[in-house]
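Below: structure-v3.tsv (TSV, C-alpha atoms (C1' of nucleotides))
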```tsv
chain	number	residue	atom	x	y	z
A	31	MET	CA	95.33	110.23	77.84
A	32	THR	CA	91.69	110.26	76.89
A	33	ASP	CA	88.55	108.23	77.33
A	34	TRP	CA	89.95	105.08	75.75
A	35	ALA	CA	91.48	104.35	79.15
A	36	GLU	CA	88.41	105.19	81.19
A	37	GLY	CA	85.32	103.23	82.12
A	38	ASP	CA	84.76	99.59	83.01
A	39	PRO	CA	88.13	98.10	83.99
A	40	LEU	CA	87.23	94.87	82.21
A	41	GLU	CA	86.97	96.76	78.94
A	42	VAL	CA	89.88	99.08	79.55
A	43	ALA	CA	92.34	96.34	80.53
A	44	PRO	CA	92.70	94.73	77.08
A	45	ARG	CA	92.95	98.14	75.46
A	46	LEU	CA	95.91	98.94	77.68
A	47	LEU	CA	97.94	96.15	76.14
A	48	ASN	CA	100.63	97.58	73.89
A	49	ALA	CA	100.03	101.06	75.30
A	50	VAL	CA	103.14	102.89	76.51
A	51	VAL	CA	103.43	104.20	80.06
A	52	SER	CA	106.16	106.71	80.81
A	53	HIS	CA	107.43	107.75	84.20
A	54	GLY	CA	110.70	108.76	85.77
A	55	GLY	CA	112.60	108.82	82.49
A	56	VAL	CA	111.56	105.32	81.47
A	57	SER	CA	108.85	104.13	79.06
A	58	VAL	CA	107.27	100.69	79.16
A	59	ARG	CA	105.06	99.01	76.56
A	60	LEU	CA	102.46	97.09	78.56
A	61	THR	CA	102.25	93.38	77.82
A	62	GLU	CA	100.28	92.15	80.85
A	63	VAL	CA	97.52	93.70	82.97
A	64	GLU	CA	94.80	92.68	85.41
A	65	ALA	CA	91.37	94.22	85.97
A	66	TYR	CA	90.04	94.97	89.44
A	67	ALA	CA	86.46	96.04	89.95
A	68	GLY	CA	84.82	97.61	92.95
A	69	PRO	CA	82.52	96.42	95.71
A	70	ASP	CA	81.50	93.33	93.74
A	71	ASP	CA	85.04	92.03	93.31
A	72	PRO	CA	86.34	90.14	96.37
A	73	GLY	CA	89.83	90.35	94.93
A	74	SER	CA	89.86	94.14	94.83
A	75	HIS	CA	91.28	96.36	97.51
A	76	ALA	CA	88.08	98.35	97.16
A	77	PHE	CA	85.92	95.37	98.09
A	78	ARG	CA	85.46	96.50	101.67
A	79	GLY	CA	84.82	100.11	100.86
A	80	GLU	CA	86.93	103.22	100.83
A	81	THR	CA	89.87	103.57	103.20
A	82	ALA	CA	92.85	105.89	103.38
A	83	ARG	CA	94.88	103.35	101.46
A	84	ASN	CA	92.56	102.80	98.50
A	85	ALA	CA	91.04	106.29	98.33
A	86	VAL	CA	92.62	106.98	94.96
A	87	MET	CA	90.62	104.11	93.47
A	88	PHE	CA	87.46	106.01	94.31
A	89	GLY	CA	88.69	109.18	92.65
A	90	PRO	CA	88.77	110.31	89.03
A	91	PRO	CA	90.30	108.13	86.30
A	92	GLY	CA	93.74	108.47	84.81
A	93	ARG	CA	95.73	108.37	88.02
A	94	PHE	CA	98.11	105.90	89.62
A	95	TYR	CA	96.84	103.82	92.50
A	96	VAL	CA	100.08	102.63	94.10
A	97	TYR	CA	100.20	100.27	97.06
A	98	PHE	CA	102.92	98.61	99.10
A	99	VAL	CA	102.95	94.86	99.70
A	100	TYR	CA	105.03	92.13	101.32
A	101	GLY	CA	107.00	94.74	103.19
A	102	MET	CA	109.15	95.59	100.20
A	103	HIS	CA	107.28	95.85	96.93
A	104	HIS	CA	105.17	98.43	95.17
A	105	CYS	CA	102.47	97.76	92.59
A	106	ALA	CA	100.85	100.32	90.31
A	107	ASN	CA	97.34	100.47	88.89
A	108	LEU	CA	95.68	102.78	86.43
A	109	VAL	CA	92.42	104.06	87.94
A	110	THR	CA	89.72	103.79	85.28
A	111	GLY	CA	86.99	105.57	87.22
A	112	PRO	CA	84.53	107.13	87.00
A	113	ALA	CA	84.81	108.95	90.32
A	114	GLY	CA	82.94	107.09	93.03
A	115	ASP	CA	83.20	103.80	91.14
A	116	PRO	CA	86.47	102.12	92.20
A	117	GLY	CA	87.72	100.33	89.09
A	118	ALA	CA	91.41	99.91	88.33
A	119	VAL	CA	93.83	97.98	86.15
A	120	LEU	CA	97.02	96.56	87.64
A	121	LEU	CA	100.07	97.07	85.43
A	122	ARG	CA	101.66	93.64	85.67
A	123	ALA	CA	104.44	93.60	83.10
A	124	GLY	CA	105.90	95.22	80.03
A	125	GLU	CA	108.87	95.86	77.83
A	126	VAL	CA	111.16	98.82	78.46
A	127	VAL	CA	111.15	100.79	75.20
A	128	ALA	CA	112.85	104.00	76.33
A	129	GLY	CA	115.22	104.99	79.13
A	130	LEU	CA	116.84	101.58	79.06
A	131	ASP	CA	119.96	102.70	80.88
A	132	VAL	CA	117.92	104.36	83.62
A	133	ALA	CA	115.85	101.22	84.10
A	134	ARG	CA	118.99	99.08	84.18
A	135	ALA	CA	120.48	101.28	86.87
A	136	ARG	CA	117.35	100.85	88.98
A	137	ARG	CA	117.48	97.07	88.65
A	138	PRO	CA	121.14	96.03	88.68
A	139	GLY	CA	121.82	92.51	87.57
A	140	SER	CA	118.53	92.12	85.75
A	141	SER	CA	118.38	91.08	82.13
A	142	ASP	CA	116.66	93.58	79.84
A	143	ARG	CA	113.81	91.18	79.39
A	144	ASP	CA	113.18	91.03	83.14
A	145	LEU	CA	113.41	94.78	83.81
A	146	ALA	CA	109.63	95.21	83.96
A	147	ARG	CA	108.52	91.58	83.95
A	148	GLY	CA	106.24	91.54	87.00
A	149	PRO	CA	104.21	94.21	88.81
A	150	ALA	CA	106.82	95.08	91.43
A	151	ARG	CA	109.63	95.00	88.88
A	152	LEU	CA	107.68	97.28	86.57
A	153	CYS	CA	107.23	99.77	89.40
A	154	ARG	CA	110.90	99.67	90.21
A	155	ALA	CA	111.91	100.16	86.58
A	156	LEU	CA	109.65	103.20	86.32
A	157	GLY	CA	110.80	104.56	89.67
A	158	ILE	CA	107.30	104.39	91.15
A	159	ASP	CA	106.73	104.31	94.89
A	160	LEU	CA	104.05	105.42	97.35
A	161	THR	CA	104.85	109.07	96.78
A	162	HIS	CA	103.35	108.66	93.31
A	163	ASN	CA	100.01	107.39	94.59
A	164	GLY	CA	97.31	109.56	93.03
A	165	VAL	CA	99.61	111.13	90.48
A	166	ARG	CA	98.24	111.50	86.98
A	167	LEU	CA	99.95	109.04	84.68
A	168	ASP	CA	101.37	109.41	81.21
A	169	VAL	CA	100.04	106.69	78.92
A	170	VAL	CA	99.81	106.60	75.13
A	171	ALA	CA	97.56	104.16	73.27
A	172	GLY	CA	99.22	101.32	71.40
A	173	GLU	CA	98.75	100.64	67.74
A	174	GLY	CA	98.78	97.84	65.25
A	175	PRO	CA	97.43	94.30	65.25
A	176	LEU	CA	97.57	92.64	68.61
A	177	GLN	CA	96.82	89.11	69.66
A	178	THR	CA	95.78	88.83	73.28
A	179	SER	CA	94.96	86.10	75.76
A	180	SER	CA	93.19	86.11	79.10
A	181	GLY	CA	93.18	83.94	82.17
A	182	PRO	CA	92.98	83.87	85.97
A	183	ARG	CA	94.52	86.62	88.03
A	184	VAL	CA	97.79	86.01	89.81
A	185	GLY	CA	98.60	85.82	93.49
A	186	LEU	CA	95.10	86.29	94.83
A	187	ARG	CA	93.41	83.96	97.22
A	188	ARG	CA	90.02	85.50	96.68
A	189	ALA	CA	88.24	85.44	93.32
A	190	ALA	CA	91.46	84.57	91.49
A	191	GLU	CA	89.48	82.38	89.14
A	192	ARG	CA	87.93	85.31	87.35
A	193	PRO	CA	89.71	85.50	83.96
A	194	TRP	CA	90.57	89.15	84.37
A	195	ARG	CA	94.24	88.96	83.53
A	196	PHE	CA	95.11	89.95	79.97
A	197	TRP	CA	98.40	89.64	78.15
A	198	VAL	CA	99.97	89.92	74.71
A	199	THR	CA	100.03	86.37	73.38
A	200	GLY	CA	103.51	84.96	73.19
A	201	ASP	CA	105.31	88.08	74.39
A	202	PRO	CA	108.51	87.19	76.28
A	203	THR	CA	108.05	89.96	78.83
A	204	VAL	CA	104.81	88.51	80.18
A	205	SER	CA	105.41	87.23	83.71
A	206	THR	CA	105.23	83.54	84.53
A	207	TYR	CA	102.02	82.40	86.16
A	208	ARG	CA	102.29	81.60	89.82
A	209	PRO	CA	99.25	80.54	91.82
A	210	ALA	CA	98.70	82.09	95.23
A	211	SER	CA	101.02	80.52	97.76
A	212	VAL	CA	99.38	78.54	100.49
A	213	ARG	CA	100.31	79.68	103.94
A	214	ARG	CA	101.48	77.35	106.65
A	215	PRO	CA	98.74	75.16	108.10
A	216	ALA	CA	96.56	76.90	110.64
A	217	GLY	CA	97.46	74.74	113.61
A	218	ALA	CA	101.08	73.92	114.33
B	1424	DC	C1'	96.00	97.34	120.88
B	1425	DT	C1'	97.43	92.89	118.71
B	1426	DT	C1'	97.38	89.74	115.15
B	1427	DC	C1'	97.06	88.19	110.49
B	1428	DG	C1'	98.17	87.89	105.80
B	1429	DG	C1'	99.38	90.04	101.54
B	1430	DA	C1'	97.46	91.93	93.57
B	1431	DT	C1'	105.87	89.53	94.97
B	1432	DT	C1'	110.47	88.50	94.27
B	1433	DG	C1'	114.89	86.33	94.50
B	1434	DG	C1'	117.64	83.03	96.53
B	1435	DC	C1'	118.40	78.44	98.11
B	1436	DT	C1'	117.47	73.25	98.14
C	61	DG	C1'	110.08	73.53	94.04
C	62	DC	C1'	110.07	75.94	98.38
C	63	DC	C1'	110.46	79.68	101.49
C	64	DA	C1'	112.23	83.92	103.85
C	65	DA	C1'	112.21	88.85	103.58
C	66	DT	C1'	109.93	92.84	105.96
C	67	DC	C1'	106.30	96.51	106.58
C	68	DC	C1'	101.70	98.00	106.68
C	69	DG	C1'	96.60	98.03	106.30
C	70	DA	C1'	92.59	95.84	107.93
C	71	DA	C1'	90.21	93.10	111.09
C	72	DG	C1'	89.44	91.20	115.54
C	73	DA	C1'	89.58	91.46	120.69
```
Any chance you could give the structure as structure tokens?
Amino acid sequence: MTDWAEGDPLEVAPRLLNAVVSHGGVSVRLTEVEAYAGPDDPGSHAFRGETARNAVMFGPPGRFYVYFVYGMHHCANLVTGPAGDPGAVLLRAGEVVAGLDVARARRPGSSDRDLARGPARLCRALGIDLTHNGVRLDVVAGEGPLQTSSGPRVGLRRAAERPWRFWVTGDPTVSTYRPASVRRPAGA
DNA sequence: CTTCGGATTGGCT
DNA sequence: GCCAATCCGAAGA
């Protein structure tokens, strides 16, 4: 991987579309990503400064920032750096293009189309968990004409309206949009 | 120390 | 369409 995947996450994110990420014997062509900036982005884990959890985001580019959510899921980002400037791009969905049988074994019962359709599913298909946080990732730039779209980020309650989600227009492996769920009313 | 809520998913109504 | 699952990081007391 070279500088095409480094720099401002807002610029890197669209370039990541159609790129191929390989890990754990499986390769995925990215069809959907989301950009997360640093201290100025209320939706970013880095918004409140560096902690043990998000430390990788503050490090050099080209590494996985993996986090654990909802008590059962992992999500993976590509840190775009530069060091000290916590930008990252969430890998939201893609198409499995190699290691299909391995990916199927990791997600029994899933259709091929759904193997990496969603950030937690993509992590599962690639065999990514917290032990891979900070690990350098293997990503190869995509080629050819590509039509992309952008829109609001998914699942956030803060700053979701920023159109920092990018996807390959019309691709069937792009996840379905789901607005952030509203929690039960404060009172009772 | 305790409480809150989450960059989601899959199953049930 | 709605909601439980299920653990942890961050914030508040």
(Q) Applying 8 Å and only C-alpha atoms (C1' of nucleotides), which residues near A:Ala49 remain after dropping the ones on its own chain fewer than 3 positions away? List them as number ranges by chain. (A) A: 45-46, 59-60, 169-173
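The interatomic distance for the pair atom CA of A:Arg136 and atom CA of A:Pro202 works out to 20.6 Å.
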Q: Kindly determine which residues of chain A lie within 12 Å of chain B, considering only C-alpha atoms (C1' of nucleotides), and give the answer as an NGL selection string.
A: :A and (63-66 or 72-76 or 95-107 or 118-122 or 139-140 or 144 or 147-154 or 182-190 or 194-195 or 205 or 207-214 or 216)
Take the residues from that selection and write them out as a PDB file, in the frame of the given file, keeping C-alpha atoms.
```pdb
ATOM      1  CA  VAL A  63      97.520  93.700  82.970  1.00  0.00           C
ATOM      2  CA  GLU A  64      94.800  92.680  85.410  1.00  0.00           C
ATOM      3  CA  ALA A  65      91.370  94.220  85.970  1.00  0.00           C
ATOM      4  CA  TYR A  66      90.040  94.970  89.440  1.00  0.00           C
ATOM      5  CA  PRO A  72      86.340  90.140  96.370  1.00  0.00           C
ATOM      6  CA  GLY A  73      89.830  90.350  94.930  1.00  0.00           C
ATOM      7  CA  SER A  74      89.860  94.140  94.830  1.00  0.00           C
ATOM      8  CA  HIS A  75      91.280  96.360  97.510  1.00  0.00           C
ATOM      9  CA  ALA A  76      88.080  98.350  97.160  1.00  0.00           C
ATOM     10  CA  TYR A  95      96.840 103.820  92.500  1.00  0.00           C
ATOM     11  CA  VAL A  96     100.080 102.630  94.100  1.00  0.00           C
ATOM     12  CA  TYR A  97     100.200 100.270  97.060  1.00  0.00           C
ATOM     13  CA  PHE A  98     102.920  98.610  99.100  1.00  0.00           C
ATOM     14  CA  VAL A  99     102.950  94.860  99.700  1.00  0.00           C
ATOM     15  CA  TYR A 100     105.030  92.130 101.320  1.00  0.00           C
ATOM     16  CA  GLY A 101     107.000  94.740 103.190  1.00  0.00           C
ATOM     17  CA  MET A 102     109.150  95.590 100.200  1.00  0.00           C
ATOM     18  CA  HIS A 103     107.280  95.850  96.930  1.00  0.00           C
ATOM     19  CA  HIS A 104     105.170  98.430  95.170  1.00  0.00           C
ATOM     20  CA  CYS A 105     102.470  97.760  92.590  1.00  0.00           C
ATOM     21  CA  ALA A 106     100.850 100.320  90.310  1.00  0.00           C
ATOM     22  CA  ASN A 107      97.340 100.470  88.890  1.00  0.00           C
ATOM     23  CA  ALA A 118      91.410  99.910  88.330  1.00  0.00           C
ATOM     24  CA  VAL A 119      93.830  97.980  86.150  1.00  0.00           C
ATOM     25  CA  LEU A 120      97.020  96.560  87.640  1.00  0.00           C
ATOM     26  CA  LEU A 121     100.070  97.070  85.430  1.00  0.00           C
ATOM     27  CA  ARG A 122     101.660  93.640  85.670  1.00  0.00           C
ATOM     28  CA  GLY A 139     121.820  92.510  87.570  1.00  0.00           C
ATOM     29  CA  SER A 140     118.530  92.120  85.750  1.00  0.00           C
ATOM     30  CA  ASP A 144     113.180  91.030  83.140  1.00  0.00           C
ATOM     31  CA  ARG A 147     108.520  91.580  83.950  1.00  0.00           C
ATOM     32  CA  GLY A 148     106.240  91.540  87.000  1.00  0.00           C
ATOM     33  CA  PRO A 149     104.210  94.210  88.810  1.00  0.00           C
ATOM     34  CA  ALA A 150     106.820  95.080  91.430  1.00  0.00           C
ATOM     35  CA  ARG A 151     109.630  95.000  88.880  1.00  0.00           C
ATOM     36  CA  LEU A 152     107.680  97.280  86.570  1.00  0.00           C
ATOM     37  CA  CYS A 153     107.230  99.770  89.400  1.00  0.00           C
ATOM     38  CA  ARG A 154     110.900  99.670  90.210  1.00  0.00           C
ATOM     39  CA  PRO A 182      92.980  83.870  85.970  1.00  0.00           C
ATOM     40  CA  ARG A 183      94.520  86.620  88.030  1.00  0.00           C
ATOM     41  CA  VAL A 184      97.790  86.010  89.810  1.00  0.00           C
ATOM     42  CA  GLY A 185      98.600  85.820  93.490  1.00  0.00           C
ATOM     43  CA  LEU A 186      95.100  86.290  94.830  1.00  0.00           C
ATOM     44  CA  ARG A 187      93.410  83.960  97.220  1.00  0.00           C
ATOM     45  CA  ARG A 188      90.020  85.500  96.680  1.00  0.00           C
ATOM     46  CA  ALA A 189      88.240  85.440  93.320  1.00  0.00           C
ATOM     47  CA  ALA A 190      91.460  84.570  91.490  1.00  0.00           C
ATOM     48  CA  TRP A 194      90.570  89.150  84.370  1.00  0.00           C
ATOM     49  CA  ARG A 195      94.240  88.960  83.530  1.00  0.00           C
ATOM     50  CA  SER A 205     105.410  87.230  83.710  1.00  0.00           C
ATOM     51  CA  TYR A 207     102.020  82.400  86.160  1.00  0.00           C
ATOM     52  CA  ARG A 208     102.290  81.600  89.820  1.00  0.00           C
ATOM     53  CA  PRO A 209      99.250  80.540  91.820  1.00  0.00           C
ATOM     54  CA  ALA A 210      98.700  82.090  95.230  1.00  0.00           C
ATOM     55  CA  SER A 211     101.020  80.520  97.760  1.00  0.00           C
ATOM     56  CA  VAL A 212      99.380  78.540 100.490  1.00  0.00           C
ATOM     57  CA  ARG A 213     100.310  79.680 103.940  1.00  0.00           C
ATOM     58  CA  ARG A 214     101.480  77.350 106.650  1.00  0.00           C
ATOM     59  CA  ALA A 216      96.560  76.900 110.640  1.00  0.00           C
TER      60      ALA A 216
END
```
Q.
Could you work out which residues of chain C fall inside 8 Å of chain A? Count only C-alpha atoms (C1' of nucleotides), and format the result as a ChimeraX atom specification.
A. /C:65-69
Q) Any idea what the distance is between atom CA of A:Gly181 and atom CA of A:Val198? A)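 A separation of 11.7 Å between them.
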Q. So what do you get for atom CA of A:Ala133 versus atom CA of A:Ala155, distance-wise?
A.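 These two atoms are separated by 4.8 Å.
Proximity ranking of A:Gly54, A:Ser180, A:Phe94, A:Pro112 relative to A:Leu156 places A:Gly54 first, based on only C-alpha atoms.
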**Q.** A:Leu176 surroundings by only C-alpha atoms (C1' of nucleotides), 9 Å radius, close-in-sequence under 5 positions cut, as a PyMOL selection string
**A.** chain A and resi 47-48+198-199
Specify the axis-aligned box that encloses all atoms of stretch 61-66 of chain C listed in the file after padding of 6 Å on each side, stating its centre and edge lengths in Å to one decimal as JSON.
```
{"center_x": 111.1, "center_y": 83.2, "center_z": 100.0, "size_x": 14.3, "size_y": 31.3, "size_z": 23.9}
```
